[in-house]
$ cat entry06.txt   # compact mmCIF, C-alpha atoms and all ligand atoms
# COMPACT_ATOMS: atom_id res chain seq x y z
CA MET A 3 -24.39 -71.24 37.46
CA ILE A 4 -22.70 -71.83 34.12
CA ASP A 5 -18.97 -72.48 34.24
CA ILE A 6 -16.99 -71.74 31.10
CA GLU A 7 -13.51 -73.17 31.47
CA LEU A 8 -12.00 -72.64 28.06
CA GLU A 9 -8.50 -71.37 28.30
CA CYS A 10 -8.28 -71.06 24.49
CA LEU A 11 -11.47 -68.97 24.21
CA GLU A 12 -10.70 -65.61 22.61
CA GLU A 13 -14.11 -64.11 21.83
CA PHE A 14 -17.30 -64.19 23.85
CA THR A 15 -20.61 -62.42 23.20
CA PHE A 16 -23.55 -62.71 25.54
CA ILE A 17 -26.88 -61.28 24.37
CA GLY A 18 -29.30 -61.29 27.24
CA TYR A 19 -32.98 -61.22 27.84
CA PRO A 20 -34.24 -57.89 29.16
CA ASN A 21 -35.37 -59.33 32.51
CA ARG A 22 -32.42 -61.57 33.28
CA ASP A 23 -28.84 -60.78 34.14
CA PRO A 24 -25.71 -62.76 33.30
CA CYS A 25 -24.29 -62.93 36.79
CA ASP A 26 -24.62 -66.67 36.94
CA ILE A 27 -21.81 -67.19 34.43
CA ASN A 28 -18.36 -68.02 35.73
CA MET A 29 -15.59 -67.34 33.22
CA SER A 30 -12.64 -67.24 35.57
CA GLY A 31 -10.88 -69.93 33.51
CA CYS A 32 -10.94 -67.88 30.29
CA LYS A 33 -7.62 -66.18 30.79
CA ASN A 34 -6.95 -65.57 27.10
CA LEU A 35 -10.16 -63.79 26.22
CA LYS A 36 -9.60 -60.91 23.79
CA VAL A 37 -13.11 -59.84 22.85
CA PHE A 38 -15.88 -59.58 25.42
CA GLU A 39 -19.33 -58.31 24.50
CA LEU A 40 -22.38 -57.98 26.70
CA LYS A 41 -25.59 -56.81 25.11
CA ARG A 42 -29.11 -56.17 26.30
CA HIS A 43 -28.98 -56.98 29.97
CA ARG A 44 -31.26 -55.66 32.64
CA MET A 45 -28.33 -54.73 34.83
CA ILE A 46 -24.69 -55.61 35.34
CA ALA A 47 -23.47 -55.69 38.92
CA LYS A 48 -19.99 -54.44 39.68
CA GLU A 49 -19.44 -57.44 41.97
CA TRP A 50 -19.76 -59.73 38.96
CA LEU A 51 -18.15 -57.72 36.16
CA GLN A 52 -15.18 -56.14 37.91
CA PRO A 53 -13.40 -59.41 38.93
CA LEU A 54 -14.17 -60.81 35.49
CA LEU A 55 -12.53 -57.87 33.70
CA HIS A 56 -9.59 -58.13 36.05
CA ASN A 57 -9.29 -61.76 35.03
CA PHE A 58 -9.20 -60.93 31.31
CA GLN A 59 -5.67 -59.57 31.31
CA LEU A 60 -5.32 -59.85 27.50
CA LEU A 61 -8.64 -58.23 26.69
CA GLN A 62 -8.48 -56.04 23.57
CA SER A 63 -12.11 -55.20 22.94
CA LEU A 64 -14.97 -54.59 25.36
CA VAL A 65 -18.55 -53.86 24.34
CA LEU A 66 -21.26 -53.00 26.84
CA HIS A 67 -24.43 -52.29 24.93
CA ASP A 68 -27.68 -51.65 26.77
CA CYS A 69 -26.22 -52.95 30.02
CA PRO A 70 -26.93 -50.52 32.90
CA LEU A 71 -24.04 -50.73 35.35
CA TYR A 72 -24.66 -50.96 39.07
CA GLY A 73 -21.57 -49.92 40.94
CA ARG A 74 -18.76 -47.84 39.45
CA ILE A 75 -16.72 -50.20 37.30
CA ARG A 76 -13.12 -49.54 36.36
CA ILE A 77 -12.31 -50.44 32.78
CA SER A 78 -8.56 -50.67 32.44
CA GLY A 79 -5.82 -52.60 30.72
CA HIS A 80 -2.80 -51.97 28.54
CA HIS A 81 -4.10 -54.35 25.87
CA LEU A 82 -7.47 -52.66 25.49
CA ARG A 83 -7.75 -51.13 22.02
CA CYS A 84 -11.50 -50.82 21.60
CA VAL A 85 -14.21 -49.89 24.10
CA GLU A 86 -17.85 -49.37 23.28
CA ILE A 87 -20.30 -48.22 25.92
CA SER A 88 -23.74 -47.51 24.65
CA SER A 89 -27.34 -47.32 25.59
CA SER A 90 -30.25 -47.02 23.21
CA ASN A 91 -32.51 -45.51 25.87
CA GLY A 92 -29.99 -43.33 27.72
CA ASN A 93 -29.88 -45.56 30.81
CA LEU A 94 -26.23 -46.42 31.48
CA GLY A 95 -26.66 -46.90 35.20
CA GLU A 96 -23.51 -45.71 36.96
CA TYR A 97 -20.83 -44.31 34.69
CA PRO A 98 -17.60 -46.32 34.53
CA ILE A 99 -14.04 -45.14 35.01
CA VAL A 100 -12.12 -45.82 31.81
CA ASN A 101 -8.37 -46.02 32.19
CA ALA A 102 -6.98 -47.72 29.11
CA PRO A 103 -3.85 -45.88 27.92
CA ASN A 104 -3.65 -47.62 24.54
CA LEU A 105 -7.26 -47.21 23.53
CA GLU A 106 -7.60 -46.60 19.77
CA LEU A 107 -11.34 -46.82 19.19
CA PHE A 108 -13.89 -45.44 21.59
CA SER A 109 -17.63 -45.48 20.99
CA TYR A 110 -20.10 -43.98 23.35
CA ALA A 111 -23.84 -43.38 23.37
CA GLY A 112 -25.35 -41.56 26.32
CA ASP A 113 -25.35 -38.26 28.14
CA ILE A 114 -22.26 -36.09 28.41
CA ASN A 115 -20.64 -37.19 31.66
CA SER A 116 -17.45 -36.22 33.46
CA PHE A 117 -15.83 -39.65 32.96
CA LEU A 118 -15.49 -38.79 29.27
CA TYR A 119 -13.27 -35.81 30.14
CA SER A 120 -10.95 -37.73 32.43
CA MET A 121 -10.12 -40.54 30.02
CA GLU A 122 -6.64 -41.04 28.62
CA THR A 123 -7.23 -40.29 24.95
CA SER A 124 -3.75 -39.83 23.46
CA HIS A 125 -3.94 -42.99 21.28
CA ILE A 126 -7.57 -42.73 20.25
CA GLN A 127 -7.87 -42.65 16.46
CA ILE A 128 -11.62 -42.99 16.09
CA ALA A 129 -14.17 -41.59 18.51
CA ASN A 130 -17.85 -42.19 17.93
CA PHE A 131 -20.24 -40.13 20.01
CA LYS A 132 -23.97 -40.41 20.02
CA LEU A 133 -24.96 -37.79 22.54
CA TYR A 134 -28.40 -37.39 23.99
CA PHE A 135 -29.48 -33.85 24.66
CA ASN A 136 -32.94 -32.87 25.63
CA HIS A 137 -32.36 -29.16 25.53
CA LEU A 138 -29.13 -28.20 23.78
CA ASN A 139 -28.33 -24.67 24.97
CA THR A 140 -25.23 -22.47 25.07
CA ARG A 141 -23.92 -24.13 28.25
CA LYS A 142 -24.29 -27.59 26.69
CA PHE A 143 -22.55 -26.40 23.53
CA PHE A 144 -19.69 -25.33 25.74
CA GLN A 145 -19.61 -28.78 27.37
CA LEU A 146 -19.55 -30.29 23.90
CA LYS A 147 -16.60 -28.09 23.00
CA GLU A 148 -14.71 -29.18 26.10
CA LEU A 149 -15.48 -32.82 25.42
CA LEU A 150 -14.36 -32.82 21.81
CA ALA A 151 -11.24 -30.84 22.68
CA ASN A 152 -10.20 -33.84 24.72
CA TYR A 153 -10.42 -36.02 21.60
CA SER A 154 -9.01 -33.55 19.10
CA GLN A 155 -6.04 -35.78 18.23
CA ALA A 156 -8.40 -38.46 16.86
CA GLN A 157 -8.39 -38.94 13.10
CA PHE A 158 -12.15 -39.33 12.99
CA ILE A 159 -14.78 -38.05 15.31
CA ASN A 160 -18.24 -39.15 14.37
CA LEU A 161 -20.81 -37.07 16.13
CA HIS A 162 -24.46 -37.92 16.28
CA ILE A 163 -26.70 -35.58 18.19
CA ASN A 164 -30.44 -35.56 18.41
CA PRO A 165 -31.66 -32.70 20.57
CA ASN A 166 -35.34 -32.02 21.09
CA MET A 167 -34.70 -28.31 21.44
CA VAL A 168 -31.81 -26.06 20.50
CA LYS A 169 -31.21 -22.64 21.92
CA PHE A 170 -28.13 -20.58 21.21
CA GLN A 171 -28.12 -16.90 21.87
CA GLN A 172 -25.51 -14.25 21.53
CA LYS A 173 -26.25 -12.84 24.97
CA ASP A 174 -25.60 -16.24 26.61
CA MET A 175 -22.09 -16.38 25.17
CA THR A 176 -20.87 -13.67 27.49
CA SER A 177 -21.00 -16.07 30.40
CA THR A 178 -18.67 -18.59 28.79
CA PRO A 179 -14.92 -18.07 28.37
CA ILE A 180 -14.54 -19.13 24.77
CA CYS A 181 -12.41 -16.33 23.34
CA GLY A 182 -9.06 -17.44 22.05
CA VAL A 183 -9.87 -21.15 22.21
CA ARG A 184 -9.41 -23.11 19.01
CA LEU A 185 -10.55 -26.62 18.41
CA THR A 186 -10.02 -28.59 15.25
CA ILE A 187 -11.63 -31.86 14.41
CA ASP A 188 -9.18 -33.52 12.12
CA PRO A 189 -10.00 -34.55 9.53
CA THR A 190 -13.69 -35.43 9.60
CA MET A 191 -16.68 -34.78 11.74
CA LYS A 192 -19.99 -36.20 10.68
CA LEU A 193 -23.09 -34.58 11.91
CA GLU A 194 -26.07 -36.85 11.86
CA GLY A 195 -29.56 -35.84 12.73
CA ARG A 196 -32.59 -37.69 13.88
CA THR A 197 -34.80 -39.24 11.28
CA VAL A 198 -38.02 -38.18 13.00
CA GLU A 199 -38.87 -34.61 12.26
CA PHE A 200 -38.92 -32.18 15.16
CA SER A 201 -39.07 -28.45 15.06
CA ILE A 202 -35.41 -27.74 15.69
CA ASP A 203 -34.05 -24.24 15.30
CA TYR A 204 -31.40 -25.06 12.70
CA GLN A 205 -30.00 -21.55 12.78
CA ALA A 206 -29.24 -22.04 16.48
CA LEU A 207 -27.80 -25.50 15.79
CA VAL A 208 -25.49 -24.18 13.05
CA ASP A 209 -24.37 -21.23 15.19
CA GLY A 210 -23.92 -23.34 18.32
CA LEU A 211 -21.95 -26.12 16.63
CA LEU A 212 -19.72 -23.84 14.59
CA TRP A 213 -19.11 -21.65 17.63
CA SER A 214 -18.40 -24.51 19.99
CA ILE A 215 -16.47 -26.89 17.74
CA GLN A 216 -14.85 -24.85 14.99
CA PRO A 217 -14.21 -28.02 13.00
CA GLU A 218 -11.48 -28.29 10.43
CA ILE A 219 -13.71 -30.45 8.28
CA LEU A 220 -17.41 -30.95 8.70
CA SER A 221 -18.96 -33.67 6.55
CA LEU A 222 -22.67 -34.04 6.08
CA LYS A 223 -24.24 -37.08 4.51
CA LEU A 224 -27.50 -36.11 2.88
CA ASP A 225 -29.36 -39.20 3.97
CA CYS A 226 -31.80 -37.54 6.37
CA LYS A 227 -33.86 -34.39 6.40
CA PRO A 228 -32.11 -32.77 9.41
CA ASN A 229 -28.74 -32.93 7.65
CA ILE A 230 -30.23 -31.36 4.53
CA GLN A 231 -31.83 -28.59 6.59
CA PHE A 232 -28.56 -28.05 8.45
CA LEU A 233 -26.78 -27.82 5.09
CA GLU A 234 -29.27 -25.27 3.76
CA VAL A 235 -28.99 -23.05 6.82
CA LEU A 236 -25.19 -23.28 6.86
CA CYS A 237 -24.92 -22.45 3.14
CA ARG A 238 -27.26 -19.48 3.47
CA LYS A 239 -25.25 -18.22 6.41
CA LEU A 240 -21.96 -18.62 4.51
CA GLY A 241 -23.48 -16.87 1.49
CA SER A 242 -24.56 -13.86 3.52
CA MET A 243 -21.48 -13.59 5.69
CA ARG A 244 -19.86 -10.61 4.03
CA GLN A 245 -22.80 -8.29 4.33
CA GLU A 246 -23.55 -9.25 7.85
CA SER A 247 -22.66 -7.22 10.88
CA CYS A 248 -23.81 -9.88 13.25
CA CYS A 249 -22.57 -8.94 16.67
CA LYS A 250 -21.27 -5.95 18.54
CA SER A 251 -17.56 -5.24 18.78
CA THR A 252 -17.59 -5.66 22.54
CA GLY A 253 -17.99 -9.08 24.12
CA PRO A 254 -17.33 -12.49 22.54
CA ARG A 255 -17.70 -12.64 18.80
CA CYS A 256 -19.70 -15.27 16.98
CA TRP A 257 -17.98 -17.91 14.82
CA VAL A 258 -18.31 -15.82 11.65
CA HIS A 259 -15.56 -13.48 12.83
CA HIS A 260 -13.09 -16.32 13.33
CA LEU A 261 -13.64 -17.92 9.94
CA ARG A 262 -11.01 -17.03 7.37
CA HIS A 263 -11.90 -19.37 4.50
CA VAL A 264 -14.18 -22.25 3.63
CA LYS A 265 -13.91 -24.75 0.80
CA ILE A 266 -16.93 -26.90 -0.02
CA VAL A 267 -16.28 -30.28 -1.63
CA TRP A 268 -18.65 -32.96 -2.85
CA GLY A 269 -18.55 -36.04 -5.10
CA GLU A 270 -15.23 -36.72 -6.78
CA ASN A 271 -13.46 -33.70 -5.38
CA THR A 272 -15.85 -31.20 -6.95
CA THR A 273 -15.65 -27.80 -5.34
CA CYS A 274 -18.25 -25.08 -5.42
CA ASP A 275 -19.45 -22.20 -3.30
CA SER A 276 -22.36 -22.14 -0.90
CA THR A 277 -24.76 -20.53 -3.41
CA GLU A 278 -24.05 -23.25 -5.98
CA ILE A 279 -24.64 -25.95 -3.37
CA LEU A 280 -28.10 -24.54 -2.69
CA LYS A 281 -28.86 -24.61 -6.40
CA LEU A 282 -27.61 -28.19 -6.70
CA LEU A 283 -29.51 -29.38 -3.64
CA PRO A 284 -32.50 -30.95 -5.49
CA ALA A 285 -30.07 -33.03 -7.58
CA PHE A 286 -28.22 -34.51 -4.61
CA ARG A 287 -28.95 -38.07 -3.51
CA PRO A 288 -28.84 -39.62 0.01
CA PHE A 289 -25.38 -41.13 -0.58
CA HIS A 290 -23.84 -37.74 -1.36
CA ILE A 291 -21.51 -36.27 1.23
CA ILE A 292 -20.81 -32.56 1.36
CA SER A 293 -17.62 -31.58 3.16
CA PHE A 294 -16.88 -28.13 4.48
CA GLN A 295 -13.16 -27.49 4.92
CA PHE A 296 -12.81 -24.59 7.31
CA LYS A 297 -9.80 -22.39 7.92
CA TRP A 298 -10.11 -20.49 11.20
ZN ZN A 301 -20.65 -11.94 14.88
$ encode --input "entry06.txt" --output "structure tokens" --more "lines below"
Ligand SMILES: [Zn+2]
Amino acid sequence: MIDIELECLEEFTFIGYPNRDPCDINMSGCKNLKVFELKRHRMIAKEWLQPLLHNFQLLQSLVLHDCPLYGRIRISGHHLRCVEISSSNGNLGEYPIVNAPNLELFSYAGDINSFLYSMETSHIQIANFKLYFNHLNTRKFFQLKELLANYSQAQFINLHINPNMVKFQQKDMTSTPICGVRLTIDPTMKLEGRTVEFSIDYQALVDGLLWSIQPEILSLKLDCKPNIQFLEVLCRKLGSMRQESCCKSTGPRCWVHHLRHVKIVWGENTTCDSTEILKLLPAFRPFHIISFQFKW
């Protein structure tokens, strides 16, 4: 057992070994801790962490990275401004309950889980989501829509998805009540793709994301092949929109019907249309960011 009795301690980071857990640390004397970070632990037991968090009444920032939780932990506190819960392999253990009314920054990496929907999000300014999907289908797109709607007041939502398979079909839309729902991501959503190449149906990804999110601004950094492919498919779709009679008049319409206007911006506020972007594509560099400003 290690006892840390430092009343003046404000920041504490513990990076563990994969086969050991930190439960032999006693920090009950650290009443003024503001930043608490646990990284790379085999498991974190509720019996150890919950009393500790309760003890840190002034805690402002909590990071749990690669720490599977055993037991449902409640993360709460009026001082909490920043919470990061992430797993690089998708194993979060049991999902926590997050009840921090003044949370401003929330970062999460893992599966879509119901605890994300029940959080108090009214003060969140930045939300970072790295969501693991194996098979991203119409139902999952709908879940994504519901999730992001809960964070739509955030100034920045950074979205990183890396599905192995994407399926989005017009006929599946009939089972989901999406008509009349509007979601805006204000002002920036970043779509990042995986760096390893997989055979993703980018047409389905473009249709699914635009249908489910209807972002106000979608920014793509051209630093990986998936983003470039996404950009190409999106620009081709935007270029062919007028001629297209894509879906029947009965039943839910695809995103094309809801789009009123799009402005494409890159570099120092340079605007151009989707056909010009495709022509410019070979000249773009990884640091370039293309932003689509949608009016729905
Ligand atoms: Zn359509």
$ closest_residue --input "entry06.txt" --among "A:His259, A:Glu96, A:Ser293, A:Val208" --to "Asn271 (chain A)" --atoms "only C-alpha atoms"
A:Ser293
$ closest_residue --input "entry06.txt" --among "A:Leu261, A:Ala156, A:Met45, A:Leu54" --to "Leu71 (chain A)" --atoms "only C-alpha atoms"
A:Met45
$ atom_distance --input "entry06.txt" --atom1 "CA of Ser124 (chain A)" --atom2 "CA of Pro98 (chain A)"
18.9 Å
$ residues_around --input "entry06.txt" --residues "Gly112 (chain A)" --least-positions-apart "2" --cutoff "10 Å" --atoms "all atoms listed in the file" --output "ChimeraX atom specification"
/A:87-94,97,110,114-115,131-135
$ write_last_selection --input "entry06.txt" --atoms "C-alpha atoms" --output "compact mmCIF listing (two decimals), keeping the file's coordinate frame"
# COMPACT_ATOMS: atom_id res chain seq x y z
CA ILE A 87 -20.30 -48.22 25.92
CA SER A 88 -23.74 -47.51 24.65
CA SER A 89 -27.34 -47.32 25.59
CA SER A 90 -30.25 -47.02 23.21
CA ASN A 91 -32.51 -45.51 25.87
CA GLY A 92 -29.99 -43.33 27.72
CA ASN A 93 -29.88 -45.56 30.81
CA LEU A 94 -26.23 -46.42 31.48
CA TYR A 97 -20.83 -44.31 34.69
CA TYR A 110 -20.10 -43.98 23.35
CA ILE A 114 -22.26 -36.09 28.41
CA ASN A 115 -20.64 -37.19 31.66
CA PHE A 131 -20.24 -40.13 20.01
CA LYS A 132 -23.97 -40.41 20.02
CA LEU A 133 -24.96 -37.79 22.54
CA TYR A 134 -28.40 -37.39 23.99
CA PHE A 135 -29.48 -33.85 24.66
$ closest_residue --input "entry06.txt" --among "A:His125, A:Lys239, A:Lys227, A:Arg262" --to "Gln205 (chain A)" --atoms "all atoms listed in the file"
A:Lys239
$ atom_distance --input "entry06.txt" --atom1 "CA of Cys69 (chain A)" --atom2 "CA of Phe38 (chain A)"
13.1 Å
$ residues_around --input "entry06.txt" --residues "Ile266 (chain A)" --least-positions-apart "3" --cutoff "8 Å" --atoms "all atoms listed in the file" --output "number ranges by chain"
A: 273-276, 292-295
$ residues_near_ligand --input "entry06.txt" --ligand "ligand ZN 301 (chain A)" --cutoff "6 Å" --atoms "all atoms listed in the file" --output "count of residues only"
6
$ closest_residue --input "entry06.txt" --among "A:Leu149, A:Val100, A:Ala285, A:Leu66" --to "Glu86 (chain A)" --atoms "all atoms listed in the file"
A:Leu66
